Amino acid sequence: GLLLRKWRNALFSANIRFRKDLSLTEYLSTVDDRLRWHTHTLPTDELCEQNAIILCRYNRFPLIIDPSGVATQFLLKLYKDRRITITSFMDASFIKNLESSLRFGNPLIIQDVENLDPIINTILNKEIRRTGGRSLIRLGTQDIDFSPSFSVFLTTRDPTAQFPPDVCSRVTFANFTVTRSSLQSQCLHEILKSERPDVDGKRQDLLKLQGEFNVRLTHLEKSLLQALNQSEANILDDDHVISTLEVLKREAGEVRARVAETELVMREVDSVIGVYTPLANACSSIYFVLEDMCTVSQFYQFSLSFFMDIFRSTLTQITDGNDVDNHVRLDVLMRSIFMESFRRASLSLIYDDHIVLAFLLALTKLKTMLNILDPRELTYLLIPPAAPKSYHLSDNLLGDEHFVSLAEELTMHCSRFAEILDHAGQNQALWNEFLGSPDPTSGVPRCWVNVNHTSEPSASIIQAFSELLVIKSFRPDKMIDAAQRFVQLVLGEEYARNVDIDLERVVKNETNSSIPIALVSAPGFDASFKVDQLVERIGVECISVAMGSGEGVALAEKAISSSLRSGSWILLKNVHLASAWLGQLEKRLQSLRPHDDFRLFLTMEPSPKIPVNLLRCSRVLMFEAPPGIKASIVQSLKAIPHSRYEKGPIERVRVYFLLAWLHAVLQERSRYCPLGWTKSYDVNDSDQAGALDVADTWIDISAQGRSHLSPEKVPWQALRTIIQDSIYGGRMDNDFDHAVLESFVTRLISPDAYNLNFRLIKAEDGENVVIPDGTRMDQFLMWTESLPDREPPTWLGLPRNAEKVILTRKGEKLLAKVLKVKGLQDDQDISNGSESLVDRVKMDEDSSGPSNHTEHEDTIMSTAEKRTSRSLPVWMQTLGKQLLKWLTLMPESIGSMAETQSGAPQSLVRFFAREIWMANQHLRIIRSDLVKLCEYFTGKLKSTNHIRDLAAVLSKGDIPERWIKYRVPAEVQISRFIEDFTDRLKKLSQMKEQLEADLMNEANAGKVNLTVWFGALFMPEAFLTASRQAFAQLNGWSLEQVCLKVNWASEPSDTLDESVILLSGMRLEGAAVINGQLTITPELQVPLSSVSLRWVLIDAADVRGSPRPGTAQPGDPRDFCHIPVYLNGDRKDLMFSMELPNVTEEERIAFLQRGVAVVAGF
């Protein structure tokens, strides 16, 4: 398209007349060719016709990307008369088929060429030798006669396959991946055939008639040209030419008459097609939403055949209302296709991603049917906030700078909210109720200007979307609830219901013998029992094979071979352990013709080694363990065999219950990462099985066959040690996580659990959970069934409002995933729109060319501002404004360190000099990329791979990899990264000025008094090392003699008369410092004024065993409490710990279990 536009512009500039509607397809193929292709099942869209031209006019042998198999079926029918052969590199008769095709000139299709066999290199290179009148080609170790009519077609079904440059240079690519227009045409044809077969028949007749007319005219034109070419005398005296002209005139008149007769029919057909076109467009959009879900997870793979099965089943199942109005029928079909797509696709998603798919489908329906959402507002909704801001409820919200900044940010992106601050000032009580309500979705302040819409549904949807924007800005913890209400309003109430997996329905109605069924489950949850239950209920033969060894692969291949003929079922367990074999299995299944009753089940854990092609051709079902302590305990207790706890002693059952409770608590805390654990540990059923085995061993040794056992005789210490150090604690690499585990194990695994009214939980609000009084398993199960389905966080030792952290994070992930998928939906706009923008700019400015990179950035920014006001794609307008904002925020440089003086600690001076150098280098890279992107948007710079990748990454809210020069949490997106980076630059500049003013002043010689924004440092570990060297240098100590001492800065000892470094910009999570004491508070996090840091002599330290940087010794000795200090909120990088004296054991455990910690950065 771009090349044609350039050619047209060149011809137009040269005043050369040309045909503006010239079609390359019509120029490179004849009407006869296209009709013949369509009769051989080639789709009628332009892309397929262009690919067919490539397959017929190639110089290098074609390599076809064919995910749906359309090209293969087309070639099989096109070359049917020439005995075309289909094979693959895995075919045992591959060499034989290749030799036969080479000798006799038969076409050959080689499938699954993701990895080319080197044996065909000579064929691709066309290394043909002619000897004695024979054409020979080397194949392996022998020479084969080469027929000139030989042709080979390489095909792959993997649209993501990457080929090396040497292969690309020797083949001609033809990509049959379905496009939006192609799929829309296919869906429209299916809809008309199902809903209006009469109109579809007329449409087909008209298309056929049109093709016949074109063929007749083409033949007449050829005959006329031939007659003119053969004429030797005067044309007017040539009777043959005159008769040909008369025939052409008569035939053309008949064609015009026939065309006039079909005008009425064409109008009728066009009117009906216009009614069903929105449905076809919606179907095309739904499929591409499903296809792009793979960006969320590798396992979310949906093929075209999967969607077309949904589409056709919906058309056949919705039979009511054929005699009603077309628009009513259209509405029924629209609702059904959206619902059925969501129902089937959601079975392949984890529960948290159901709302992601539903939200994307809601946006798709709105864009297809109503198109009432402002693209700028939608972009603001999906782009994450620059940084999380907190505010406190008060009578003067307008005095809270965080609230005002959030309101101004909303106003800047959404003009309908221009009066939000006035509304908040006039309705303080309403806003305070909204900000503090547990259910703010029902009382969102109407602080926006209503948009006039005539229909009631449109007005309701606009109102719900406006509420989404407000909740996203001020109550992000309720984003999931608000998104669900929005989805229900757009798509229907049924989207709020959980979709349960009905395996029998999937097997009987939604799959066939050639589609494997992949059961994916998280580690520790075995989904194979679902198949076992179905087999027992239906009464079919099923062969189970456990994978993971060479013997398992051999047994699986033997079982599949026999079952393909007999029609029995195969269950292959843990196939992720044989990922290399799965690639062979997928290719083998495509070439088999199994028995109609055959079914193949594959159980697996999520693994990146699972072949994508296998997932695309399979029906993926996602299984998850039910959340909550109740569900976990019930599942654990029911999994224990009856014979195991009936053998006695009767005290054994209580130990089983305690272990099940411990396992459930440890598992549930993983949902609250990084508050519950610093990372998500794999707490699975094998851990619990190991704990039960250890408990049985010690109980059997202590009981010695007796039916009763005194709890004091059980070796509890040995049991606790094995559980906390080996079974569960063996994988914990954070000392504070291990201390949390130890606190739970110490409390639960003890003889006190046999006392009456033993409290399993000591809740902070006085709510206690007492262990049931019983000795039988059914008593513990009955008590567990009485528990609530979802427990409060306090049952896990966490703060009551910890759920708010999880909900906020889920809301952020929802928007990030929607943005990522929607970004792929706009990829075509990114590629086409950016090129057309550059082309349009060049047409406006003939003199503009590649920009001079020394041009002042103000000129670039002013030019970019003008360009972004044009009618550009929304993504480009939004990104352009962000680029200008980011460039405005960033300085050009923060300078360099001044010359040092002799009295200054050289280690700190060198450290800050390097920090300033790193900041300037990082700043130079980011500013350079931003400027280049602005120049690209304005047409002053040509497109490069780097610029295209940069635009694609930034448009999705991600951070370019070359920008990350320090540790950034994975969930941080570009807006927050830029704000943090500019803040770091400001803080480093301030620290540099302080160093130059104070540290280098001779009056401060002999001591260190600095205030350091610890979270703003690029290399915080290097700062700790430099400060250690500085303290040792000033005091004449050796490095081995000093240890780190960190305290609250409010302690009386923190005076300016001694060396001290104050760390600022930190926040305390889970508690607060009140009167110098650590106190539990309801707030999730509070800012810390500063923290004092010193290096002192080990002998002079007033704390015992003070930990070194990067290490921690929590809980030793018991009257001290260690509080970890992490670099970022993800708690992946432990810097050091603070030691608090005079802390009781109960307080220490509470601080540990609540996850109290100090965070320096993000």
# chains A, B, ... in the order shown; residues from 1 in each chain; ligands from 1
$ residues_around --residues "Phe150 (chain A)" --least-positions-apart "3" --cutoff "12 Å" --atoms "only C-alpha atoms" --output "list in words"
Phe61, Tyr79, Arg82, Arg83, Ile84, Thr85, Leu98, Glu99, Ser100, Ser101, Leu102, Arg103, Phe104, Gly105, Asn106, Pro107, Leu108, Ile109, Ile123, Leu124, Lys126, Ser135, Ile137, Asp145, Phe146, Ser147 and Phe153 of chain A
$ residues_around --residues "Ala816 (chain A)" --least-positions-apart "6" --cutoff "9 Å" --atoms "only C-alpha atoms" --output "list in words"
Leu382, Ile383, Pro384, Lys956, Gly957, Glu971 and Gln973 of chain A
$ residues_around --residues "Val818 (chain A)" --least-positions-apart "6" --cutoff "9 Å" --atoms "only C-alpha atoms" --output "PDB file with all heavy atoms, in the first residue's frame"
ATOM      1  N   VAL A 296      -1.890 -12.524  27.401  1.00  0.00           N
ATOM      2  CA  VAL A 296      -2.096 -12.608  28.848  1.00  0.00           C
ATOM      3  C   VAL A 296      -1.438 -13.862  29.402  1.00  0.00           C
ATOM      4  O   VAL A 296      -0.791 -13.840  30.446  1.00  0.00           O
ATOM      5  CB  VAL A 296      -3.596 -12.575  29.176  1.00  0.00           C
ATOM      6  CG1 VAL A 296      -3.832 -12.727  30.682  1.00  0.00           C
ATOM      7  CG2 VAL A 296      -4.228 -11.287  28.679  1.00  0.00           C
ATOM      8  N   VAL A 356     -11.414 -10.158  32.658  1.00  0.00           N
ATOM      9  CA  VAL A 356     -10.632  -9.556  31.564  1.00  0.00           C
ATOM     10  C   VAL A 356     -11.305  -9.842  30.231  1.00  0.00           C
ATOM     11  O   VAL A 356     -11.521  -8.928  29.416  1.00  0.00           O
ATOM     12  CB  VAL A 356      -9.190 -10.101  31.572  1.00  0.00           C
ATOM     13  CG1 VAL A 356      -8.401  -9.540  30.390  1.00  0.00           C
ATOM     14  CG2 VAL A 356      -8.492  -9.754  32.879  1.00  0.00           C
ATOM     15  N   LEU A 357     -11.661 -11.097  30.002  1.00  0.00           N
ATOM     16  CA  LEU A 357     -12.325 -11.460  28.746  1.00  0.00           C
ATOM     17  C   LEU A 357     -13.690 -10.793  28.634  1.00  0.00           C
ATOM     18  O   LEU A 357     -14.043 -10.271  27.567  1.00  0.00           O
ATOM     19  CB  LEU A 357     -12.461 -12.982  28.662  1.00  0.00           C
ATOM     20  CG  LEU A 357     -13.214 -13.511  27.436  1.00  0.00           C
ATOM     21  CD1 LEU A 357     -12.512 -13.094  26.151  1.00  0.00           C
ATOM     22  CD2 LEU A 357     -13.338 -15.035  27.512  1.00  0.00           C
ATOM     23  N   PHE A 359     -14.713  -8.010  29.995  1.00  0.00           N
ATOM     24  CA  PHE A 359     -14.550  -6.572  29.765  1.00  0.00           C
ATOM     25  C   PHE A 359     -14.166  -6.296  28.315  1.00  0.00           C
ATOM     26  O   PHE A 359     -14.672  -5.355  27.683  1.00  0.00           O
ATOM     27  CB  PHE A 359     -13.479  -6.021  30.714  1.00  0.00           C
ATOM     28  CG  PHE A 359     -13.505  -4.535  30.865  1.00  0.00           C
ATOM     29  CD1 PHE A 359     -14.351  -3.921  31.766  1.00  0.00           C
ATOM     30  CD2 PHE A 359     -12.678  -3.725  30.095  1.00  0.00           C
ATOM     31  CE1 PHE A 359     -14.390  -2.546  31.902  1.00  0.00           C
ATOM     32  CE2 PHE A 359     -12.693  -2.357  30.224  1.00  0.00           C
ATOM     33  CZ  PHE A 359     -13.556  -1.759  31.135  1.00  0.00           C
ATOM     34  N   LEU A 360     -13.290  -7.115  27.753  1.00  0.00           N
ATOM     35  CA  LEU A 360     -12.901  -6.947  26.351  1.00  0.00           C
ATOM     36  C   LEU A 360     -14.085  -7.185  25.419  1.00  0.00           C
ATOM     37  O   LEU A 360     -14.273  -6.462  24.434  1.00  0.00           O
ATOM     38  CB  LEU A 360     -11.766  -7.910  26.009  1.00  0.00           C
ATOM     39  CG  LEU A 360     -10.387  -7.539  26.555  1.00  0.00           C
ATOM     40  CD1 LEU A 360      -9.435  -8.720  26.460  1.00  0.00           C
ATOM     41  CD2 LEU A 360      -9.814  -6.341  25.816  1.00  0.00           C
ATOM     42  N   LEU A 382      -7.555   2.811  30.831  1.00  0.00           N
ATOM     43  CA  LEU A 382      -6.661   1.661  30.744  1.00  0.00           C
ATOM     44  C   LEU A 382      -5.233   1.991  31.135  1.00  0.00           C
ATOM     45  O   LEU A 382      -4.495   1.120  31.595  1.00  0.00           O
ATOM     46  CB  LEU A 382      -6.681   1.085  29.327  1.00  0.00           C
ATOM     47  CG  LEU A 382      -8.044   0.604  28.826  1.00  0.00           C
ATOM     48  CD1 LEU A 382      -7.926   0.033  27.432  1.00  0.00           C
ATOM     49  CD2 LEU A 382      -8.643  -0.424  29.768  1.00  0.00           C
TER      50      LEU A 382
END
$ residues_around --residues "Cys447 (chain A)" --least-positions-apart "4" --cutoff "8 Å" --atoms "only C-alpha atoms" --output "PDB file with C-alpha atoms, in the first residue's frame"
ATOM      1  CA  PHE A 417     -15.107  16.041  34.538  1.00  0.00           C
ATOM      2  CA  GLU A 419     -16.214  20.598  37.376  1.00  0.00           C
ATOM      3  CA  ILE A 420     -15.171  17.750  39.665  1.00  0.00           C
ATOM      4  CA  HIS A 423     -18.610  19.317  42.939  1.00  0.00           C
ATOM      5  CA  ALA A 424     -16.343  17.926  45.678  1.00  0.00           C
TER       6      ALA A 424
END
$ atom_distance --atom1 "CA of Leu381 (chain A)" --atom2 "CA of Trp448 (chain A)"
15.0 Å
$ residues_around --residues "Phe1120 (chain A)" --least-positions-apart "4" --cutoff "6 Å" --atoms "only C-alpha atoms" --output "ChimeraX atom specification"
/A:1140-1141,1143
$ residues_around --residues "region 596-599 of chain A" --least-positions-apart "6" --cutoff "10 Å" --atoms "only C-alpha atoms" --output "ChimeraX atom specification"
/A:507-508,511-517,540,542,560,563-571
$ write_last_selection --atoms "N, CA and C atoms" --output "compact mmCIF listing (two decimals), in the first residue's frame"
# COMPACT_ATOMS: atom_id res chain seq x y z
N VAL A 507 -16.94 -33.00 26.29
CA VAL A 507 -16.52 -34.20 25.56
C VAL A 507 -17.53 -34.59 24.49
N LYS A 508 -18.81 -34.53 24.83
CA LYS A 508 -19.84 -35.02 23.92
C LYS A 508 -20.24 -33.99 22.87
N THR A 511 -16.36 -31.19 21.37
CA THR A 511 -15.12 -31.73 20.81
C THR A 511 -15.44 -32.96 19.98
N ASN A 512 -14.44 -33.40 19.24
CA ASN A 512 -14.57 -34.65 18.50
C ASN A 512 -13.31 -35.47 18.68
N SER A 513 -13.21 -36.56 17.96
CA SER A 513 -12.11 -37.50 18.18
C SER A 513 -10.75 -36.93 17.80
N SER A 514 -10.71 -35.91 16.96
CA SER A 514 -9.42 -35.35 16.52
C SER A 514 -8.96 -34.17 17.37
N ILE A 515 -9.71 -33.80 18.40
CA ILE A 515 -9.36 -32.66 19.25
C ILE A 515 -8.95 -33.18 20.63
N PRO A 516 -7.69 -33.08 21.02
CA PRO A 516 -7.29 -33.46 22.38
C PRO A 516 -7.91 -32.51 23.40
N ILE A 517 -8.10 -33.02 24.60
CA ILE A 517 -8.64 -32.20 25.70
C ILE A 517 -7.53 -32.04 26.73
N VAL A 540 -17.04 -46.09 29.95
CA VAL A 540 -16.21 -46.32 28.77
C VAL A 540 -14.85 -46.84 29.22
N CYS A 542 -10.95 -46.62 29.48
CA CYS A 542 -9.96 -45.54 29.50
C CYS A 542 -8.63 -46.10 29.97
N ILE A 560 -2.03 -45.13 22.30
CA ILE A 560 -2.70 -44.29 21.30
C ILE A 560 -2.92 -45.08 20.02
N SER A 563 -5.86 -47.44 20.63
CA SER A 563 -7.13 -46.77 20.89
C SER A 563 -7.67 -46.05 19.66
N LEU A 564 -6.80 -45.64 18.76
CA LEU A 564 -7.26 -44.99 17.54
C LEU A 564 -8.18 -45.90 16.73
N ARG A 565 -7.93 -47.22 16.82
CA ARG A 565 -8.76 -48.18 16.08
C ARG A 565 -9.95 -48.65 16.89
N SER A 566 -9.75 -48.82 18.21
CA SER A 566 -10.84 -49.36 19.04
C SER A 566 -11.82 -48.29 19.52
N GLY A 567 -11.39 -47.03 19.58
CA GLY A 567 -12.28 -45.97 20.03
C GLY A 567 -12.31 -45.78 21.53
N SER A 568 -11.38 -46.35 22.27
CA SER A 568 -11.33 -46.15 23.72
C SER A 568 -10.67 -44.82 24.03
N TRP A 569 -10.69 -44.44 25.31
CA TRP A 569 -10.14 -43.16 25.74
C TRP A 569 -8.73 -43.35 26.27
N ILE A 570 -7.93 -42.27 26.15
CA ILE A 570 -6.56 -42.27 26.66
C ILE A 570 -6.40 -41.09 27.61
N LEU A 571 -5.84 -41.33 28.78
CA LEU A 571 -5.53 -40.28 29.75
C LEU A 571 -4.03 -40.27 30.00
$ residues_around --residues "region 675-692 of chain A" --least-positions-apart "3" --cutoff "8 Å" --atoms "only C-alpha atoms" --output "count of residues only"
29
